[in-house]
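Below is one structure; the comments refer to it alone.
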Amino acid sequence: MKIYCDFTGIYGEDKVGAPDMVIDLSDIEGTGGYCSKEAETEIRKRTVNLPAEGVHILDNGNYHYMSLFWLEKIKEPFDLAVFDHHTDMQESSLIPALSCGNWVLEAIKNGGIPVEKIYLIGPEKSDFEQVDERYKDKIVFVSRPDADRLCEDQNGAVPEMFTEMSGSKLPVYISVDKDVLSKEELKVNWEQGSMSADGLKSLVEMIFKTRRVIGMDLCGEPDIRENGFSREEEKSRFIDKLLIEVFDRYG
């Protein structure tokens, strides 16, 4: 099942074909970057009967916190693999609310989410160093330069990265923010990494070959919005297609 979570109106049928389901969330207030308590309640209400299994496409990076709502549905112990140029583990300071910048941290803090390990792939090392020491034992961290190296060195570095992952029998949920990609691949609305689309696909595929995958979500729609269907939107749909094909093949 492919579920599109539409906050900005970007998922018209002319742009994504005929998805299994589009959830219109554009009328909910308090969702841009931060998710208010009222918005949380409404989102849970609209997704109550939808599963964590399948592929969830979450609009642009401002809404990456939607991953948390799918993780809440998982009842068995699992690992979380996050491809992202940011750690998404920032402590809330000014606004004590769920956000695109703290949802991974909230997943760790949430006693109802049985996540064991988090594979965080793509942020800068300096950003990870700012993560609270109390939570680092939960994280298997691969910095941006190392993630790029993994993409290029399939025969050597990739097995090294997945040594611990392949040793576990727990299932995995995969979350991808396309800001992990270079601007040449896709321009999004946040600072970006330097990964190639093919490299990202290869790493995601490696997880599928190594572990059972419960579900997957994708966010990071393009920064450029134009009338009609923009070139960046076309590139974004192509990248989605690459990753969805992996899910369909192995999931």
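Chains: A, B, ... in order of the structure tokens. Residues: from 1 per chain. Ligands: from 1, in order shown.
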
Inset, instruction - Using DSSP on the backbone, list every residue of segment 42-248 of chain A that comes out as helix (DSSP H, G or I), and give them as number ranges by chain. - result: A: 42-47, 61-63, 66-71, 103-109, 125-129, 133-138, 144-152, 157-161, 163-166, 178-180, 197-210, 231-248

Produce a table with one row for each residue of segment 122-194 of chain A that has an atom at most 8 Å from any atom of segment 85-101 of chain A, each row naming the nearest atom pair and its distance in Å at one decimal; use only C-alpha atoms; arrange rows by chain and rising residue number; format as a Markdown table.
| residue | atom | partner | partner_atom | distance |
| --- | --- | --- | --- | --- |
| A:Gly122 | CA | A:His85 | CA | 4.9 |
| A:Pro123 | CA | A:His85 | CA | 4.2 |
| A:Glu124 | CA | A:His85 | CA | 7.0 |
| A:Asp127 | CA | A:Thr87 | CA | 6.8 |
| A:Phe128 | CA | A:Thr87 | CA | 6.5 |
| A:Val131 | CA | A:Met89 | CA | 6.6 |
| A:Arg144 | CA | A:His85 | CA | 7.2 |
| A:Asp177 | CA | A:His85 | CA | 7.6 |
| A:Asp179 | CA | A:His85 | CA | 5.8 |
| A:Val180 | CA | A:His85 | CA | 4.5 |
| A:Glu191 | CA | A:His85 | CA | 7.6 |
| A:Gln192 | CA | A:His85 | CA | 6.0 |
| A:Gly193 | CA | A:His85 | CA | 5.5 |

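In this structure, atom CA of Val213 of chain A sits 21.1 Å away from atom CA of Asn110 of chain A.
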
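For Asp198 of chain A, the list of residues within 9 Å, based on only C-alpha atoms and with local chain neighbours fewer than 3 positions off taken out, reads Cys151, Met195, Lys201, Ser202, Leu203, Ile239 and Leu242 of chain A.
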
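One distance worth recording is that between atom CA of Glu53 of chain A and atom CA of Gly112 of chain A, which is 17.7 Å.
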
Inset, instruction - Using only C-alpha atoms, determine which residues lie at most 8 Å from Lys117 of chain A, disregarding the query and same-chain residues fewer than 4 positions distant; provide the list as a PyMOL selection string. - result: chain A and resi 78-80+138-140

Save out the residues we just selected, all heavy atoms, as a short mmCIF file (atom, residue, chain, number, x, y, z; two decimals), in the first residue's frame.
data_model
loop_
_atom_site.label_atom_id
_atom_site.label_comp_id
_atom_site.auth_asym_id
_atom_site.auth_seq_id
_atom_site.Cartn_x
_atom_site.Cartn_y
_atom_site.Cartn_z
N PHE A 78 11.63 -3.39 17.26
CA PHE A 78 12.15 -3.16 15.92
C PHE A 78 13.31 -2.18 15.97
O PHE A 78 13.54 -1.51 16.97
CB PHE A 78 11.04 -2.61 15.00
CG PHE A 78 10.63 -1.19 15.33
CD1 PHE A 78 11.11 -0.11 14.59
CD2 PHE A 78 9.74 -0.92 16.36
CE1 PHE A 78 10.74 1.19 14.89
CE2 PHE A 78 9.35 0.37 16.67
CZ PHE A 78 9.85 1.44 15.93
N ASP A 79 14.04 -2.12 14.88
CA ASP A 79 15.08 -1.10 14.69
C ASP A 79 14.58 -0.07 13.67
O ASP A 79 13.75 -0.39 12.82
CB ASP A 79 16.38 -1.72 14.19
CG ASP A 79 17.07 -2.56 15.25
OD1 ASP A 79 16.80 -2.35 16.44
OD2 ASP A 79 17.87 -3.45 14.88
N LEU A 80 15.12 1.13 13.77
CA LEU A 80 14.73 2.23 12.89
C LEU A 80 15.95 2.68 12.10
O LEU A 80 16.99 3.00 12.67
CB LEU A 80 14.19 3.39 13.72
CG LEU A 80 13.90 4.71 13.01
CD1 LEU A 80 12.79 4.54 11.98
CD2 LEU A 80 13.53 5.80 14.03
N LYS A 138 21.77 4.31 21.91
CA LYS A 138 20.70 3.79 21.05
C LYS A 138 21.04 3.92 19.57
O LYS A 138 20.35 3.35 18.72
CB LYS A 138 19.41 4.58 21.31
CG LYS A 138 18.59 4.09 22.48
CD LYS A 138 17.51 3.13 22.02
CE LYS A 138 16.50 2.85 23.10
NZ LYS A 138 15.52 1.82 22.68
N ILE A 139 22.09 4.70 19.26
CA ILE A 139 22.34 5.11 17.88
C ILE A 139 23.54 4.38 17.28
O ILE A 139 24.59 4.26 17.91
CB ILE A 139 22.63 6.63 17.81
CG1 ILE A 139 21.52 7.41 18.52
CG2 ILE A 139 22.77 7.08 16.36
CD1 ILE A 139 20.17 7.31 17.91
N VAL A 140 23.36 3.88 16.06
CA VAL A 140 24.48 3.48 15.21
C VAL A 140 24.60 4.60 14.17
O VAL A 140 23.72 4.76 13.32
CB VAL A 140 24.24 2.12 14.53
CG1 VAL A 140 25.38 1.79 13.59
CG2 VAL A 140 24.06 1.03 15.58
#

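Of the residues listed (A:Lys169, A:Arg149, A:Lys178, A:Arg134), A:Lys178 shows the shortest atom-to-atom separation from Leu243 of chain A; distances use only C-alpha atoms.
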
Inset, instruction - Please identify which residues in segment 14-197 of chain A DSSP calls strand (DSSP E) from the backbone, and express them as a VMD selection string. - result: chain A and resid 21 to 24 34 to 35 54 to 57 78 to 83 98 to 99 115 to 121 139 to 142 172 to 177

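Compared by their closest atoms to Val82 of chain A, and using only C-alpha atoms, the residues A:Pro145, A:Ile244, A:Glu152, A:Ile118 rank with A:Ile118 nearest.
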
Inset, instruction - Just the residues within 7 Å of His64 of chain A, please, counting only C-alpha atoms, with nothing from its chain fewer than 3 positions along; format it as a list in words. - result: Leu58, Gly61, Ser67, Cys100 and Cys219 of chain A

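Taking atom CA of Gly220 of chain A and atom CA of Arg44 of chain A as endpoints, the distance between them is 21.4 Å.
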
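The nearest approach to Val188 of chain A among the residues A:Gln130, A:Thr31, A:Asn60, A:Ser166, with only C-alpha atoms taken into account, belongs to A:Asn60.
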
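Using only C-alpha atoms, the smallest distance between any of A:Ile214, A:Ala197, A:Leu150, A:Met21 and Val172 of chain A comes from A:Ile214.
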
Inset, instruction - Name all residues at most 10 Å from Asp24 of chain A (count only C-alpha atoms; drop same-chain ones fewer than 5 positions away) and give them as a ChimeraX atom specification. - result: /A:4-9,11,46
